[in-house]
file entry-v2.cif (mmCIF, C-alpha atoms)
data_query
#
loop_
_atom_site.group_PDB
_atom_site.id
_atom_site.type_symbol
_atom_site.label_atom_id
_atom_site.label_comp_id
_atom_site.auth_asym_id
_atom_site.auth_seq_id
_atom_site.Cartn_x
_atom_site.Cartn_y
_atom_site.Cartn_z
ATOM 1 C CA MET A 24 283.978 -58.426 126.477
ATOM 2 C CA THR A 25 286.877 -60.491 125.188
ATOM 3 C CA ALA A 26 289.636 -59.206 122.929
ATOM 4 C CA LEU A 27 288.141 -61.176 120.047
ATOM 5 C CA SER A 28 284.687 -59.667 120.436
ATOM 6 C CA ARG A 29 286.110 -56.132 120.743
ATOM 7 C CA LYS A 30 287.988 -56.360 117.442
ATOM 8 C CA PRO A 31 284.900 -56.287 115.158
ATOM 9 C CA LEU A 32 283.427 -53.432 117.208
ATOM 10 C CA PHE A 33 286.664 -51.463 116.918
ATOM 11 C CA LEU A 34 286.797 -52.121 113.173
ATOM 12 C CA MET A 35 283.193 -50.999 112.723
ATOM 13 C CA LEU A 36 283.823 -47.798 114.728
ATOM 14 C CA ALA A 37 286.928 -47.064 112.649
ATOM 15 C CA ILE A 38 284.956 -47.468 109.415
ATOM 16 C CA VAL A 39 282.163 -45.196 110.642
ATOM 17 C CA ALA A 40 284.709 -42.569 111.758
ATOM 18 C CA SER A 41 286.471 -42.624 108.391
ATOM 19 C CA LEU A 42 283.177 -42.286 106.514
ATOM 20 C CA ALA A 43 282.170 -39.342 108.678
ATOM 21 C CA ALA A 44 285.514 -37.620 108.042
ATOM 22 C CA SER A 45 285.469 -38.243 104.270
ATOM 23 C CA PRO A 46 283.215 -35.289 103.312
ATOM 24 C CA ALA A 47 285.382 -32.921 105.353
ATOM 25 C CA ARG A 48 288.544 -34.254 103.729
ATOM 26 C CA ALA A 49 286.948 -33.988 100.290
ATOM 27 C CA GLN A 50 285.950 -30.350 100.955
ATOM 28 C CA SER A 51 289.476 -29.600 102.125
ATOM 29 C CA ALA A 52 291.030 -31.210 99.024
ATOM 30 C CA VAL A 53 288.736 -29.186 96.734
ATOM 31 C CA ALA A 54 289.630 -25.947 98.547
ATOM 32 C CA ASP A 55 293.339 -26.825 98.439
ATOM 33 C CA GLY A 56 293.037 -27.650 94.740
ATOM 34 C CA GLN A 57 291.347 -24.352 93.949
ATOM 35 C CA LYS A 58 294.010 -22.472 95.866
ATOM 36 C CA LEU A 59 296.757 -24.265 93.914
ATOM 37 C CA ALA A 60 295.013 -23.791 90.560
ATOM 38 C CA PHE A 61 294.633 -20.050 91.172
ATOM 39 C CA ASP A 62 298.123 -19.608 92.699
ATOM 40 C CA ARG A 63 300.247 -17.708 90.148
ATOM 41 C CA GLY A 64 303.424 -19.197 91.604
ATOM 42 C CA LYS A 65 302.416 -22.846 91.848
ATOM 43 C CA GLY A 66 299.656 -24.458 89.745
ATOM 44 C CA ASN A 67 299.183 -21.290 87.740
ATOM 45 C CA CYS A 68 296.256 -22.728 85.730
ATOM 46 C CA LEU A 69 294.797 -19.242 85.219
ATOM 47 C CA THR A 70 297.745 -18.219 83.078
ATOM 48 C CA CYS A 71 296.330 -20.310 80.224
ATOM 49 C CA HIS A 72 292.767 -21.244 81.175
ATOM 50 C CA VAL A 73 289.492 -19.526 81.972
ATOM 51 C CA ILE A 74 288.240 -20.954 85.270
ATOM 52 C CA LYS A 75 285.021 -19.823 86.926
ATOM 53 C CA GLY A 76 285.926 -17.609 89.879
ATOM 54 C CA GLY A 77 289.447 -16.881 88.661
ATOM 55 C CA ASP A 78 290.825 -13.413 87.953
ATOM 56 C CA LEU A 79 292.664 -12.371 84.771
ATOM 57 C CA PRO A 80 292.570 -15.731 82.977
ATOM 58 C CA GLY A 81 294.514 -16.547 79.853
ATOM 59 C CA THR A 82 293.091 -17.971 76.666
ATOM 60 C CA ILE A 83 295.898 -20.225 75.418
ATOM 61 C CA GLY A 84 294.238 -23.386 76.742
ATOM 62 C CA PRO A 85 290.585 -24.417 76.746
ATOM 63 C CA GLU A 86 288.144 -23.111 79.331
ATOM 64 C CA LEU A 87 288.103 -25.491 82.261
ATOM 65 C CA LYS A 88 284.467 -26.457 82.766
ATOM 66 C CA ASP A 89 282.411 -29.659 82.781
ATOM 67 C CA LEU A 90 285.615 -31.614 83.357
ATOM 68 C CA LYS A 91 283.985 -34.465 85.267
ATOM 69 C CA ALA A 92 281.798 -35.095 82.199
ATOM 70 C CA LYS A 93 284.738 -34.740 79.786
ATOM 71 C CA TYR A 94 287.034 -36.919 81.904
ATOM 72 C CA PRO A 95 284.914 -39.316 83.964
ATOM 73 C CA ASP A 96 288.079 -41.301 84.697
ATOM 74 C CA ARG A 97 289.984 -39.047 87.079
ATOM 75 C CA ASN A 98 293.197 -40.882 86.178
ATOM 76 C CA GLU A 99 293.050 -39.403 82.674
ATOM 77 C CA LEU A 100 292.800 -35.852 84.041
ATOM 78 C CA THR A 101 295.565 -36.595 86.529
ATOM 79 C CA ALA A 102 297.788 -37.854 83.694
ATOM 80 C CA ILE A 103 297.118 -34.687 81.681
ATOM 81 C CA ILE A 104 298.286 -32.485 84.547
ATOM 82 C CA PHE A 105 301.193 -34.786 85.388
ATOM 83 C CA ASP A 106 302.575 -34.765 81.816
ATOM 84 C CA GLU A 107 300.371 -33.707 78.893
ATOM 85 C CA THR A 108 303.331 -34.126 76.522
ATOM 86 C CA LYS A 109 302.763 -37.896 76.568
ATOM 87 C CA ARG A 110 299.325 -37.399 75.023
ATOM 88 C CA ASN A 111 300.093 -34.286 72.996
ATOM 89 C CA PRO A 112 303.791 -33.664 72.273
ATOM 90 C CA GLN A 113 302.949 -30.215 70.826
ATOM 91 C CA THR A 114 301.244 -28.957 74.002
ATOM 92 C CA MET A 115 302.322 -25.754 75.670
ATOM 93 C CA MET A 116 301.174 -27.107 79.046
ATOM 94 C CA PRO A 117 304.090 -27.758 81.379
ATOM 95 C CA PRO A 118 304.518 -31.325 82.651
ATOM 96 C CA PHE A 119 303.701 -30.369 86.247
ATOM 97 C CA GLY A 120 304.387 -33.790 87.737
ATOM 98 C CA ARG A 121 307.301 -34.897 85.591
ATOM 99 C CA ASN A 122 309.110 -31.608 86.232
ATOM 100 C CA ARG A 123 308.184 -31.704 89.931
ATOM 101 C CA ILE A 124 306.375 -28.384 89.766
ATOM 102 C CA LEU A 125 303.521 -30.034 91.661
ATOM 103 C CA THR A 126 303.558 -33.087 93.909
ATOM 104 C CA GLU A 127 301.215 -36.029 93.318
ATOM 105 C CA GLN A 128 299.162 -34.849 96.306
ATOM 106 C CA GLU A 129 298.886 -31.334 94.849
ATOM 107 C CA ILE A 130 297.870 -32.707 91.451
ATOM 108 C CA SER A 131 295.237 -34.868 93.136
ATOM 109 C CA ALA A 132 293.833 -31.818 94.957
ATOM 110 C CA ILE A 133 293.696 -29.853 91.695
ATOM 111 C CA VAL A 134 291.854 -32.743 90.029
ATOM 112 C CA ASP A 135 289.404 -32.787 92.968
ATOM 113 C CA PHE A 136 288.763 -29.072 92.355
ATOM 114 C CA LEU A 137 288.538 -29.367 88.565
ATOM 115 C CA GLN A 138 285.952 -32.120 88.864
ATOM 116 C CA THR A 139 283.656 -29.671 90.657
ATOM 117 C CA LEU A 140 283.613 -27.245 87.723
#
call {"tool": "encode", "arguments": {"input": "entry-v2.cif", "output": "structure tokens"}}
result
Amino acid sequence: MTALSRKPLFLMLAIVASLAASPARAQSAVADGQKLAFDRGKGNCLTCHVIKGGDLPGTIGPELKDLKAKYPDRNELTAIIFDETKRNPQTMMPPFGRNRILTEQEISAIVDFLQTL
């Protein structure tokens, strides 16, 4: 087998490996997102929102359910968590991304979790 003929085979194997790992990575991101959302010292979503499976939720914000239907474009939900004051200057929700409370990766994991509700 020449180097040229091995390249497409290697590329195909890499694609198959990444597809096989994707569900595991997605599961991990959802679990990480739930952990962050329920963490009273980090995401702290339960302080203001009712979330299925969460203990002692607040009622300042709306119940977080059916979010994938409400926000089919995940970028909109990401933007809300990053800085809701851009959309609603009167919000009580902290700008988690702008104030560096959460990293972009953490916000993405929370969005992954919220889209499962």
call {"tool": "atom_distance", "arguments": {"input": "entry-v2.cif", "atom1": "CA of Asn122 (chain A)", "atom2": "CA of Asp106 (chain A)"}}
result
8.5 Å
call {"tool": "resolve_selection", "arguments": {"input": "entry-v2.cif", "expression": "the PyMOL selection byres ((chain A and resi 133-139) around 9)", "output": "PyMOL selection string"}}
result
chain A and resi 49+52-60+66+87-92+94-95+97+100-101+104+128-132+140
call {"tool": "atom_distance", "arguments": {"input": "entry-v2.cif", "atom1": "CA of Asp78 (chain A)", "atom2": "CA of Met116 (chain A)"}}
result
19.3 Å
call {"tool": "atom_distance", "arguments": {"input": "entry-v2.cif", "atom1": "CA of Pro117 (chain A)", "atom2": "CA of Gly77 (chain A)"}}
result
19.6 Å
call {"tool": "axis_aligned_box", "arguments": {"input": "entry-v2.cif", "around": "region 84-88 of chain A", "padding_each_side": "6 Å", "output": "lines of an AutoDock Vina configuration file"}}
result
center_x = 289.4
center_y = -24.8
center_z = 79.8
size_x = 21.8
size_y = 15.3
size_z = 18.0
call {"tool": "closest_residue", "arguments": {"input": "entry-v2.cif", "among": "A:Lys65, A:Lys93, A:Arg121, A:Lys75", "to": "Glu107 (chain A)", "atoms": "only C-alpha atoms"}}
result
A:Arg121
call {"tool": "resolve_selection", "arguments": {"input": "entry-v2.cif", "expression": "the PyMOL selection byres ((chain A and resi 71) around 7)", "output": "list in words"}}
result
Cys68, Leu69, Thr70, His72, Pro80, Gly81, Thr82, Ile83 and Gly84 of chain A
call {"tool": "closest_residue", "arguments": {"input": "entry-v2.cif", "among": "A:Ser51, A:Gly64, A:Glu99, A:Pro112", "to": "Ile124 (chain A)", "atoms": "all atoms listed in the file"}}
result
A:Gly64
call {"tool": "decode", "arguments": {"input": "entry-v2.cif", "residues": "region 56-104 of chain A", "atoms": "N, CA and C atoms", "output": "PDB file, in the first residue's frame"}}
result
ATOM      1  N   GLY A  56     -23.029  19.515  32.182  1.00  0.00           N
ATOM      2  CA  GLY A  56     -23.938  20.656  32.199  1.00  0.00           C
ATOM      3  C   GLY A  56     -24.918  20.595  33.348  1.00  0.00           C
ATOM      4  N   GLN A  57     -25.441  19.410  33.614  1.00  0.00           N
ATOM      5  CA  GLN A  57     -26.369  19.256  34.746  1.00  0.00           C
ATOM      6  C   GLN A  57     -25.643  19.553  36.055  1.00  0.00           C
ATOM      7  N   LYS A  58     -24.452  19.034  36.179  1.00  0.00           N
ATOM      8  CA  LYS A  58     -23.673  19.270  37.399  1.00  0.00           C
ATOM      9  C   LYS A  58     -23.440  20.773  37.611  1.00  0.00           C
ATOM     10  N   LEU A  59     -23.086  21.479  36.541  1.00  0.00           N
ATOM     11  CA  LEU A  59     -22.868  22.923  36.637  1.00  0.00           C
ATOM     12  C   LEU A  59     -24.159  23.672  36.948  1.00  0.00           C
ATOM     13  N   ALA A  60     -25.252  23.281  36.300  1.00  0.00           N
ATOM     14  CA  ALA A  60     -26.534  23.954  36.518  1.00  0.00           C
ATOM     15  C   ALA A  60     -27.024  23.792  37.952  1.00  0.00           C
ATOM     16  N   PHE A  61     -26.743  22.638  38.553  1.00  0.00           N
ATOM     17  CA  PHE A  61     -27.197  22.359  39.913  1.00  0.00           C
ATOM     18  C   PHE A  61     -26.187  22.808  40.972  1.00  0.00           C
ATOM     19  N   ASP A  62     -24.974  23.155  40.564  1.00  0.00           N
ATOM     20  CA  ASP A  62     -23.911  23.555  41.489  1.00  0.00           C
ATOM     21  C   ASP A  62     -24.217  24.944  42.059  1.00  0.00           C
ATOM     22  N   ARG A  63     -24.435  25.028  43.358  1.00  0.00           N
ATOM     23  CA  ARG A  63     -24.789  26.301  44.002  1.00  0.00           C
ATOM     24  C   ARG A  63     -23.657  27.326  43.967  1.00  0.00           C
ATOM     25  N   GLY A  64     -22.443  26.880  43.686  1.00  0.00           N
ATOM     26  CA  GLY A  64     -21.319  27.804  43.654  1.00  0.00           C
ATOM     27  C   GLY A  64     -20.859  28.174  42.259  1.00  0.00           C
ATOM     28  N   LYS A  65     -21.454  27.583  41.237  1.00  0.00           N
ATOM     29  CA  LYS A  65     -20.970  27.842  39.876  1.00  0.00           C
ATOM     30  C   LYS A  65     -22.114  28.337  38.991  1.00  0.00           C
ATOM     31  N   GLY A  66     -22.817  27.427  38.309  1.00  0.00           N
ATOM     32  CA  GLY A  66     -23.924  27.827  37.446  1.00  0.00           C
ATOM     33  C   GLY A  66     -25.087  28.369  38.248  1.00  0.00           C
ATOM     34  N   ASN A  67     -25.412  27.653  39.320  1.00  0.00           N
ATOM     35  CA  ASN A  67     -26.402  28.125  40.284  1.00  0.00           C
ATOM     36  C   ASN A  67     -27.782  28.396  39.684  1.00  0.00           C
ATOM     37  N   CYS A  68     -28.151  27.665  38.635  1.00  0.00           N
ATOM     38  CA  CYS A  68     -29.438  27.889  37.960  1.00  0.00           C
ATOM     39  C   CYS A  68     -30.625  27.653  38.898  1.00  0.00           C
ATOM     40  N   LEU A  69     -30.461  26.741  39.853  1.00  0.00           N
ATOM     41  CA  LEU A  69     -31.559  26.406  40.761  1.00  0.00           C
ATOM     42  C   LEU A  69     -31.927  27.540  41.710  1.00  0.00           C
ATOM     43  N   THR A  70     -31.072  28.515  41.855  1.00  0.00           N
ATOM     44  CA  THR A  70     -31.401  29.638  42.722  1.00  0.00           C
ATOM     45  C   THR A  70     -32.642  30.370  42.209  1.00  0.00           C
ATOM     46  N   CYS A  71     -32.802  30.414  40.886  1.00  0.00           N
ATOM     47  CA  CYS A  71     -33.905  31.171  40.293  1.00  0.00           C
ATOM     48  C   CYS A  71     -34.903  30.321  39.508  1.00  0.00           C
ATOM     49  N   HIS A  72     -34.516  29.117  39.127  1.00  0.00           N
ATOM     50  CA  HIS A  72     -35.343  28.326  38.216  1.00  0.00           C
ATOM     51  C   HIS A  72     -35.707  26.963  38.794  1.00  0.00           C
ATOM     52  N   VAL A  73     -36.918  26.520  38.490  1.00  0.00           N
ATOM     53  CA  VAL A  73     -37.309  25.135  38.738  1.00  0.00           C
ATOM     54  C   VAL A  73     -36.732  24.311  37.594  1.00  0.00           C
ATOM     55  N   ILE A  74     -35.993  23.260  37.945  1.00  0.00           N
ATOM     56  CA  ILE A  74     -35.429  22.347  36.956  1.00  0.00           C
ATOM     57  C   ILE A  74     -35.722  20.935  37.438  1.00  0.00           C
ATOM     58  N   LYS A  75     -36.293  20.123  36.580  1.00  0.00           N
ATOM     59  CA  LYS A  75     -36.605  18.742  36.937  1.00  0.00           C
ATOM     60  C   LYS A  75     -35.353  18.066  37.495  1.00  0.00           C
ATOM     61  N   GLY A  76     -35.505  17.459  38.673  1.00  0.00           N
ATOM     62  CA  GLY A  76     -34.392  16.764  39.310  1.00  0.00           C
ATOM     63  C   GLY A  76     -33.591  17.620  40.272  1.00  0.00           C
ATOM     64  N   GLY A  77     -33.868  18.919  40.298  1.00  0.00           N
ATOM     65  CA  GLY A  77     -33.128  19.817  41.180  1.00  0.00           C
ATOM     66  C   GLY A  77     -33.811  19.987  42.519  1.00  0.00           C
ATOM     67  N   ASP A  78     -33.008  20.210  43.556  1.00  0.00           N
ATOM     68  CA  ASP A  78     -33.526  20.395  44.913  1.00  0.00           C
ATOM     69  C   ASP A  78     -33.605  21.881  45.268  1.00  0.00           C
ATOM     70  N   LEU A  79     -34.653  22.251  45.992  1.00  0.00           N
ATOM     71  CA  LEU A  79     -34.849  23.595  46.526  1.00  0.00           C
ATOM     72  C   LEU A  79     -34.723  24.684  45.458  1.00  0.00           C
ATOM     73  N   PRO A  80     -35.531  24.594  44.395  1.00  0.00           N
ATOM     74  CA  PRO A  80     -35.435  25.596  43.338  1.00  0.00           C
ATOM     75  C   PRO A  80     -36.060  26.920  43.735  1.00  0.00           C
ATOM     76  N   GLY A  81     -35.619  27.973  43.069  1.00  0.00           N
ATOM     77  CA  GLY A  81     -36.223  29.281  43.235  1.00  0.00           C
ATOM     78  C   GLY A  81     -37.336  29.478  42.227  1.00  0.00           C
ATOM     79  N   THR A  82     -38.013  30.603  42.337  1.00  0.00           N
ATOM     80  CA  THR A  82     -39.124  30.877  41.433  1.00  0.00           C
ATOM     81  C   THR A  82     -39.026  32.264  40.802  1.00  0.00           C
ATOM     82  N   ILE A  83     -37.854  32.871  40.845  1.00  0.00           N
ATOM     83  CA  ILE A  83     -37.667  34.194  40.254  1.00  0.00           C
ATOM     84  C   ILE A  83     -37.753  34.113  38.731  1.00  0.00           C
ATOM     85  N   GLY A  84     -37.084  33.106  38.164  1.00  0.00           N
ATOM     86  CA  GLY A  84     -37.080  32.922  36.713  1.00  0.00           C
ATOM     87  C   GLY A  84     -38.080  31.866  36.303  1.00  0.00           C
ATOM     88  N   PRO A  85     -38.285  31.698  35.002  1.00  0.00           N
ATOM     89  CA  PRO A  85     -39.237  30.697  34.520  1.00  0.00           C
ATOM     90  C   PRO A  85     -38.724  29.275  34.757  1.00  0.00           C
ATOM     91  N   GLU A  86     -39.651  28.343  34.827  1.00  0.00           N
ATOM     92  CA  GLU A  86     -39.274  26.931  34.921  1.00  0.00           C
ATOM     93  C   GLU A  86     -38.529  26.561  33.643  1.00  0.00           C
ATOM     94  N   LEU A  87     -37.447  25.841  33.809  1.00  0.00           N
ATOM     95  CA  LEU A  87     -36.648  25.449  32.650  1.00  0.00           C
ATOM     96  C   LEU A  87     -37.107  24.079  32.167  1.00  0.00           C
ATOM     97  N   LYS A  88     -37.951  24.101  31.130  1.00  0.00           N
ATOM     98  CA  LYS A  88     -38.447  22.872  30.521  1.00  0.00           C
ATOM     99  C   LYS A  88     -38.768  23.167  29.061  1.00  0.00           C
ATOM    100  N   ASP A  89     -38.764  22.137  28.254  1.00  0.00           N
ATOM    101  CA  ASP A  89     -39.053  22.252  26.816  1.00  0.00           C
ATOM    102  C   ASP A  89     -38.186  23.308  26.130  1.00  0.00           C
ATOM    103  N   LEU A  90     -36.937  23.428  26.564  1.00  0.00           N
ATOM    104  CA  LEU A  90     -36.092  24.498  26.041  1.00  0.00           C
ATOM    105  C   LEU A  90     -35.649  24.271  24.603  1.00  0.00           C
ATOM    106  N   LYS A  91     -35.521  23.018  24.196  1.00  0.00           N
ATOM    107  CA  LYS A  91     -35.133  22.764  22.800  1.00  0.00           C
ATOM    108  C   LYS A  91     -36.249  23.233  21.867  1.00  0.00           C
ATOM    109  N   ALA A  92     -37.501  23.086  22.295  1.00  0.00           N
ATOM    110  CA  ALA A  92     -38.631  23.566  21.491  1.00  0.00           C
ATOM    111  C   ALA A  92     -38.718  25.098  21.524  1.00  0.00           C
ATOM    112  N   LYS A  93     -38.446  25.691  22.690  1.00  0.00           N
ATOM    113  CA  LYS A  93     -38.522  27.146  22.821  1.00  0.00           C
ATOM    114  C   LYS A  93     -37.364  27.843  22.107  1.00  0.00           C
ATOM    115  N   TYR A  94     -36.206  27.202  22.133  1.00  0.00           N
ATOM    116  CA  TYR A  94     -34.995  27.762  21.524  1.00  0.00           C
ATOM    117  C   TYR A  94     -34.355  26.720  20.614  1.00  0.00           C
ATOM    118  N   PRO A  95     -34.925  26.491  19.439  1.00  0.00           N
ATOM    119  CA  PRO A  95     -34.354  25.481  18.545  1.00  0.00           C
ATOM    120  C   PRO A  95     -32.941  25.854  18.075  1.00  0.00           C
ATOM    121  N   ASP A  96     -32.649  27.149  18.062  1.00  0.00           N
ATOM    122  CA  ASP A  96     -31.298  27.601  17.728  1.00  0.00           C
ATOM    123  C   ASP A  96     -30.503  27.685  19.026  1.00  0.00           C
ATOM    124  N   ARG A  97     -29.605  26.743  19.223  1.00  0.00           N
ATOM    125  CA  ARG A  97     -28.850  26.687  20.477  1.00  0.00           C
ATOM    126  C   ARG A  97     -28.049  27.960  20.719  1.00  0.00           C
ATOM    127  N   ASN A  98     -27.721  28.692  19.660  1.00  0.00           N
ATOM    128  CA  ASN A  98     -26.973  29.937  19.826  1.00  0.00           C
ATOM    129  C   ASN A  98     -27.774  30.972  20.611  1.00  0.00           C
ATOM    130  N   GLU A  99     -29.091  30.964  20.449  1.00  0.00           N
ATOM    131  CA  GLU A  99     -29.930  31.908  21.189  1.00  0.00           C
ATOM    132  C   GLU A  99     -29.882  31.598  22.692  1.00  0.00           C
ATOM    133  N   LEU A 100     -29.985  30.322  23.041  1.00  0.00           N
ATOM    134  CA  LEU A 100     -29.921  29.923  24.445  1.00  0.00           C
ATOM    135  C   LEU A 100     -28.530  30.201  25.022  1.00  0.00           C
ATOM    136  N   THR A 101     -27.521  29.951  24.233  1.00  0.00           N
ATOM    137  CA  THR A 101     -26.148  30.250  24.656  1.00  0.00           C
ATOM    138  C   THR A 101     -25.995  31.745  24.937  1.00  0.00           C
ATOM    139  N   ALA A 102     -26.533  32.574  24.055  1.00  0.00           N
ATOM    140  CA  ALA A 102     -26.444  34.031  24.228  1.00  0.00           C
ATOM    141  C   ALA A 102     -27.175  34.487  25.484  1.00  0.00           C
ATOM    142  N   ILE A 103     -28.301  33.852  25.795  1.00  0.00           N
ATOM    143  CA  ILE A 103     -29.056  34.202  26.999  1.00  0.00           C
ATOM    144  C   ILE A 103     -28.214  33.942  28.245  1.00  0.00           C
ATOM    145  N   ILE A 104     -27.565  32.800  28.289  1.00  0.00           N
ATOM    146  CA  ILE A 104     -26.730  32.466  29.450  1.00  0.00           C
ATOM    147  C   ILE A 104     -25.486  33.350  29.478  1.00  0.00           C
TER     148      ILE A 104
END
